[in-house]
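Peer 1: The structure is given below, and queries will be raised subsequently.
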Amino acid sequence: MGALGWRYYENSAQKVTLTESGSTLLYPLFNEWAANYSRAVITTQATGSGTGISEAIAGTVIIGASDAFMTNAQVQAHPDMLNIPIAISSQYVAYNIPGLNSVHLVLSGPVIAAIYNGSIRYWDDPAIKALNPGVNLPHQIIVPVYRTDGSGDTNMFTLFLSRSDPWWNETVGYGTNVNWPKNPELHGGVGNSGVIDVLSSTPYSIGYVAMTYTAQIESAGLGYAALINRAGNAVLPSVQTVMNAASQYLNQIPPDGRIGIAFAPGSNSYPIATFEYVIVKKVQPSSAVANALKQFLTWAVSPDGGSAPQYMGKLDLIPLPQPVVQKVVIPLIDQISGPQ
């Protein structure tokens with residue numbers, strides 16, 4: 001498609017409805033796109049990445065939005081599906097510690113894993129104190145918060161823990177759903193908004209929240225951590241540090257688009273990062289739907305379309321570099337067709 005970009009499909013698509021379901025991280029972005037995209041009607045639901053993937057596979061929605069690509073087992077069972085990257089994102093490890101929410105505590109993957117499995121129970125545990133010299137940490141029980149719905153944020157968070165902590169990797173692993181350790185302090189929340197609600201109402205809690213919810217985290221007055229990366233440095237989440245992490249993998253993306261980029265190398269790489277995906281069928285219900293979908297997705301990754309700063313910048317999302325769009329994303333989009 002090259003320089004033709006999304007305009008290639010401008011006259012080929014009818015005004016059809018494209019239904020989307022899935023990632024609560026991507027929900028704010030799809031809302032922005034739906035309000036501003038005029039070549040099709042976009043409907044969007046924040047159901048969680050796991051539901052988005054399953055509904056796209058079942059054909060009950062056209063687009064499944066997900067912070068996680070389909071597993072090898074899912075791909076083998078459903079070879080008719082595409083995993084198309086559309087953006088780069090990250091998440092906060094946020095907390096509610098009265099008196100310390102303005103402080104960026106330093107945490108590591110092994111310490112966070114120990115918090116979630118209950119072997120670190122108090123905020124003034126020696127392992128946390130060692131990472132935060134001079135900080136007056138309270139002797140209060142830590143309340144870890146997790147997503148109860150199938151979640152790409154859970155996949156992102158647990159992939160970071162798996163790559164940074166051998167115990168977690170061998171015992172819990174990663175995925176949109178995992179068997180969480182038997183910790184009686186664990187509390188659950190539905191969606192990113194639900195996790196923020198639990199954190200806000202629960203002193204001394206900790207949880208993981210998508211960067212697209214920055215405004216809600218700030219409004220709730222929550223703190224968030226600097227994380228120890230693979231190079232051993234404490235790094236805060238930002239567009240730049242997430243891009244630093246993603247840049248380590250941009251030449252390694254396979255043709256099917258599926259790659260995990262958590263715990264990246266690099267001295268200033270933030271260790272929780274991911275490519276965001278749309279999960280769609282190769283063969284759509286009609287040629288009109290296929291053309292509308294191709295047009296929309298090509299617009300979504302265009303720097304003068306859905307990847308413009310007016311959409312990505314306000315949500316702390318990072319557009320895919322154009323070489324990735326041209327070499328990986330456009331060839332995947334081109335596989336979409338109507339019934340043969």
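Identifiers in the structure tokens: chain A, B, ... in order shown; residue index from 1 per chain; ligand index from 1 in order shown.
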Would you kindly return, as an NGL selection string, each protein, DNA or RNA residue with an atom no farther than 12 Å from any atom of Tyr204 in chain A, considering only C-alpha atoms and excluding same-chain residues fewer than 4 positions away?
Peer 2: :A and (94-101 or 115 or 121-124 or 137-145 or 185 or 198-200 or 222-223)
Peer 1: Report as a PyMOL selection string all protein, DNA and RNA residues lying within 12 Å of Phe30 in chain A, evaluated on only C-alpha atoms, omitting residues in the same chain fewer than 4 positions from it.
Peer 2: chain A and resi 18-26+34-37+41-46+63-66+86-87+212+278+296-297+300+306-307+311-312+315
Peer 1: Just the strand (DSSP E or B) stuff from range 104-197 of chain A, please, per backbone DSSP, written as a PyMOL selection string.
Peer 2: chain A and resi 106-107+122+141+143-147+187-189
Peer 1: What's the 10 Å shell around Lys314 in chain A, counting only C-alpha atoms, without same-chain residues fewer than 5 positions away, as a PyMOL selection string?
Peer 2: chain A and resi 29+212+214-215+309
Peer 1: Would you kindly return, as a PDB file with N, CA, C and O atoms, in the first residue's frame, each protein, DNA or RNA residue with an atom no farther than 8 Å from any atom of range 331-333 of chain A, considering only C-alpha atoms and excluding same-chain residues fewer than 6 positions away?
Peer 2:
ATOM      1  N   LEU A  82      -6.472 -12.892  12.958  1.00  0.00           N
ATOM      2  CA  LEU A  82      -5.292 -12.044  12.837  1.00  0.00           C
ATOM      3  C   LEU A  82      -5.072 -11.275  14.134  1.00  0.00           C
ATOM      4  O   LEU A  82      -6.027 -10.838  14.772  1.00  0.00           O
ATOM      5  N   ILE A  84      -3.311  -7.937  15.054  1.00  0.00           N
ATOM      6  CA  ILE A  84      -2.752  -6.768  14.368  1.00  0.00           C
ATOM      7  C   ILE A  84      -2.345  -5.709  15.392  1.00  0.00           C
ATOM      8  O   ILE A  84      -3.192  -5.158  16.096  1.00  0.00           O
ATOM      9  N   PRO A 255       6.221 -11.778  11.372  1.00  0.00           N
ATOM     10  CA  PRO A 255       5.166 -11.411  10.422  1.00  0.00           C
ATOM     11  C   PRO A 255       3.757 -11.501  10.993  1.00  0.00           C
ATOM     12  O   PRO A 255       2.865 -10.767  10.540  1.00  0.00           O
ATOM     13  N   ASP A 256       3.533 -12.395  11.984  1.00  0.00           N
ATOM     14  CA  ASP A 256       2.175 -12.504  12.547  1.00  0.00           C
ATOM     15  C   ASP A 256       1.898 -11.447  13.606  1.00  0.00           C
ATOM     16  O   ASP A 256       0.797 -11.399  14.171  1.00  0.00           O
ATOM     17  N   LYS A 294     -10.766  -2.661   6.871  1.00  0.00           N
ATOM     18  CA  LYS A 294      -9.429  -2.357   6.366  1.00  0.00           C
ATOM     19  C   LYS A 294      -9.189  -0.845   6.337  1.00  0.00           C
ATOM     20  O   LYS A 294      -8.114  -0.366   6.720  1.00  0.00           O
ATOM     21  N   LEU A 297      -8.775   0.373  10.104  1.00  0.00           N
ATOM     22  CA  LEU A 297      -7.524  -0.019  10.745  1.00  0.00           C
ATOM     23  C   LEU A 297      -6.334   0.702  10.123  1.00  0.00           C
ATOM     24  O   LEU A 297      -5.384   1.069  10.833  1.00  0.00           O
ATOM     25  N   THR A 298      -6.379   0.918   8.820  1.00  0.00           N
ATOM     26  CA  THR A 298      -5.281   1.648   8.173  1.00  0.00           C
ATOM     27  C   THR A 298      -5.285   3.099   8.618  1.00  0.00           C
ATOM     28  O   THR A 298      -4.224   3.698   8.842  1.00  0.00           O
TER      29      THR A 298
END
Peer 1: If I take CA of Ala127 in chain A and CA of Asn179 in chain A, how far is one from the other in Å, to one decimal?
Peer 2: 24.6 Å
Peer 1: Return the single residue from A:Asn291, A:Gln91, A:Gly207, A:Gly109 that is closest to Lys15 in chain A, with distances computed using only C-alpha atoms.
Peer 2: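 Among the listed residues, the smallest separation from Lys15 in chain A belongs to A:Asn291.
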Peer 1: Taking only residues of range 82-112 of chain A that have an atom at most 10 Å from an atom of range 238-243 of chain A, what is each one's shortest atom pair and its distance in Å to one decimal, using only C-alpha atoms, in chain and number order, as a tab-separated table?
Peer 2:
residue	atom	partner	partner_atom	distance
A:Ile88	CA	A:Met243	CA	7.9
A:Ser89	CA	A:Val242	CA	7.3
A:Ser90	CA	A:Val242	CA	6.8
A:Gln91	CA	A:Ser238	CA	9.6
A:Tyr92	CA	A:Ser238	CA	9.7
Peer 1: Give me, as a PyMOL selection string, the residues of range 22-262 of chain A that a backbone DSSP run labels helix (DSSP H, G or I).
Peer 2: chain A and resi 27-36+49-58+72-77+109-117+126-131+152-164+166-171+191-201+211-220+239-247
Peer 1: Name the residues in contact with Val135 in chain A at a cut-off of 10 Å, using only C-alpha atoms, excluding same-chain residues fewer than 4 positions from it; report them as a list of chain:residue names.
Peer 2: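 My reading of the contact set: A:Leu100, A:Val103, A:Leu105, A:Asp124, A:Ile128, A:Lys129, A:Ala130, A:Leu131.
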Peer 1: Keeping all heavy atoms for every residue in the selection just given, could you write it to a file as a short mmCIF file (atom, residue, chain, number, x, y, z; two decimals), in the first residue's frame?
Peer 2:
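Output contents, as saved in part_4.cif:
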data_model
loop_
_atom_site.label_atom_id
_atom_site.label_comp_id
_atom_site.auth_asym_id
_atom_site.auth_seq_id
_atom_site.Cartn_x
_atom_site.Cartn_y
_atom_site.Cartn_z
N LEU A 100 2.27 9.05 51.53
CA LEU A 100 3.36 8.73 50.62
C LEU A 100 2.95 8.70 49.15
O LEU A 100 3.76 8.31 48.29
CB LEU A 100 3.99 7.37 51.00
CG LEU A 100 4.80 7.33 52.29
CD1 LEU A 100 5.35 5.91 52.53
CD2 LEU A 100 5.96 8.33 52.24
N VAL A 103 5.18 10.37 46.70
CA VAL A 103 6.53 9.82 46.59
C VAL A 103 6.51 8.66 45.60
O VAL A 103 5.63 7.80 45.65
CB VAL A 103 7.03 9.31 47.97
CG1 VAL A 103 8.39 8.65 47.83
CG2 VAL A 103 7.08 10.45 48.96
N LEU A 105 7.83 5.51 45.09
CA LEU A 105 8.59 4.41 45.68
C LEU A 105 9.28 3.60 44.58
O LEU A 105 8.79 3.54 43.44
CB LEU A 105 7.67 3.49 46.48
CG LEU A 105 6.97 4.08 47.70
CD1 LEU A 105 6.12 3.01 48.37
CD2 LEU A 105 7.98 4.66 48.68
N ASP A 124 6.73 -1.78 55.46
CA ASP A 124 8.09 -1.53 55.96
C ASP A 124 8.94 -2.80 55.97
O ASP A 124 9.92 -2.90 56.72
CB ASP A 124 8.05 -0.90 57.35
CG ASP A 124 7.39 -1.78 58.40
OD1 ASP A 124 6.77 -2.81 58.03
OD2 ASP A 124 7.46 -1.44 59.60
N ILE A 128 11.52 -3.89 50.89
CA ILE A 128 11.03 -2.61 50.37
C ILE A 128 11.88 -1.47 50.91
O ILE A 128 12.23 -0.53 50.18
CB ILE A 128 9.55 -2.40 50.72
CG1 ILE A 128 8.70 -3.55 50.15
CG2 ILE A 128 9.04 -1.06 50.19
CD1 ILE A 128 7.22 -3.47 50.50
N LYS A 129 12.27 -1.55 52.18
CA LYS A 129 13.11 -0.52 52.78
C LYS A 129 14.46 -0.44 52.07
O LYS A 129 15.00 0.66 51.87
CB LYS A 129 13.30 -0.79 54.27
CG LYS A 129 12.04 -0.59 55.09
CD LYS A 129 12.22 -1.02 56.54
CE LYS A 129 13.13 -0.04 57.29
NZ LYS A 129 13.17 -0.37 58.74
N ALA A 130 15.00 -1.57 51.67
CA ALA A 130 16.30 -1.57 51.00
C ALA A 130 16.25 -0.82 49.66
O ALA A 130 17.25 -0.22 49.25
CB ALA A 130 16.77 -3.01 50.77
N LEU A 131 15.10 -0.85 49.00
CA LEU A 131 14.94 -0.12 47.73
C LEU A 131 14.60 1.34 47.93
O LEU A 131 14.67 2.13 46.97
CB LEU A 131 13.84 -0.79 46.89
CG LEU A 131 14.12 -2.20 46.35
CD1 LEU A 131 12.87 -2.80 45.73
CD2 LEU A 131 15.26 -2.17 45.33
#
Peer 1: Calculated over only C-alpha atoms, which of the candidates A:Ser54, A:Asn117, A:Ser267, A:Ser102 has the smallest distance to Asn183 in chain A?
Peer 2: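 Smallest separation from Asn183 in chain A among the options: A:Asn117.
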Peer 1: Just to confirm, what's the straight-line distance from CA of Gln295 in chain A to CA of Val329 in chain A in Å (one decimal)?
Peer 2: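 Result for CA of Gln295 in chain A versus CA of Val329 in chain A: 12.8 Å, one decimal.
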Peer 1: Nearest residue to Ala234 in chain A out of A:Tyr277, A:Leu159, A:Gly150, A:Asn132, using only C-alpha atoms?
Peer 2: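 When distances to Ala234 in chain A are compared using only C-alpha atoms, the smallest one comes from A:Asn132.
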Peer 1: What is the distance between CA of Asn155 in chain A and CA of Gly175 in chain A, in Å to one decimal?
Peer 2: 4.3 Å
Peer 1: With only C-alpha atoms as the atoms that count, which of A:Ala114, A:Ala246, A:Gly313, A:Val325 lies nearest to Trp167 in chain A?
Peer 2: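 Between A:Ala114, A:Ala246, A:Gly313, A:Val325, the residue approaching Trp167 in chain A most closely is A:Ala114.
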Peer 1: Taking into account only C-alpha atoms, which residue in the set A:Gly266, A:Gly189, A:Gly152, A:Pro321 is nearest to Ala210 in chain A?
Peer 2: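 Among A:Gly266, A:Gly189, A:Gly152, A:Pro321, it is A:Gly152 that comes nearest to Ala210 in chain A.
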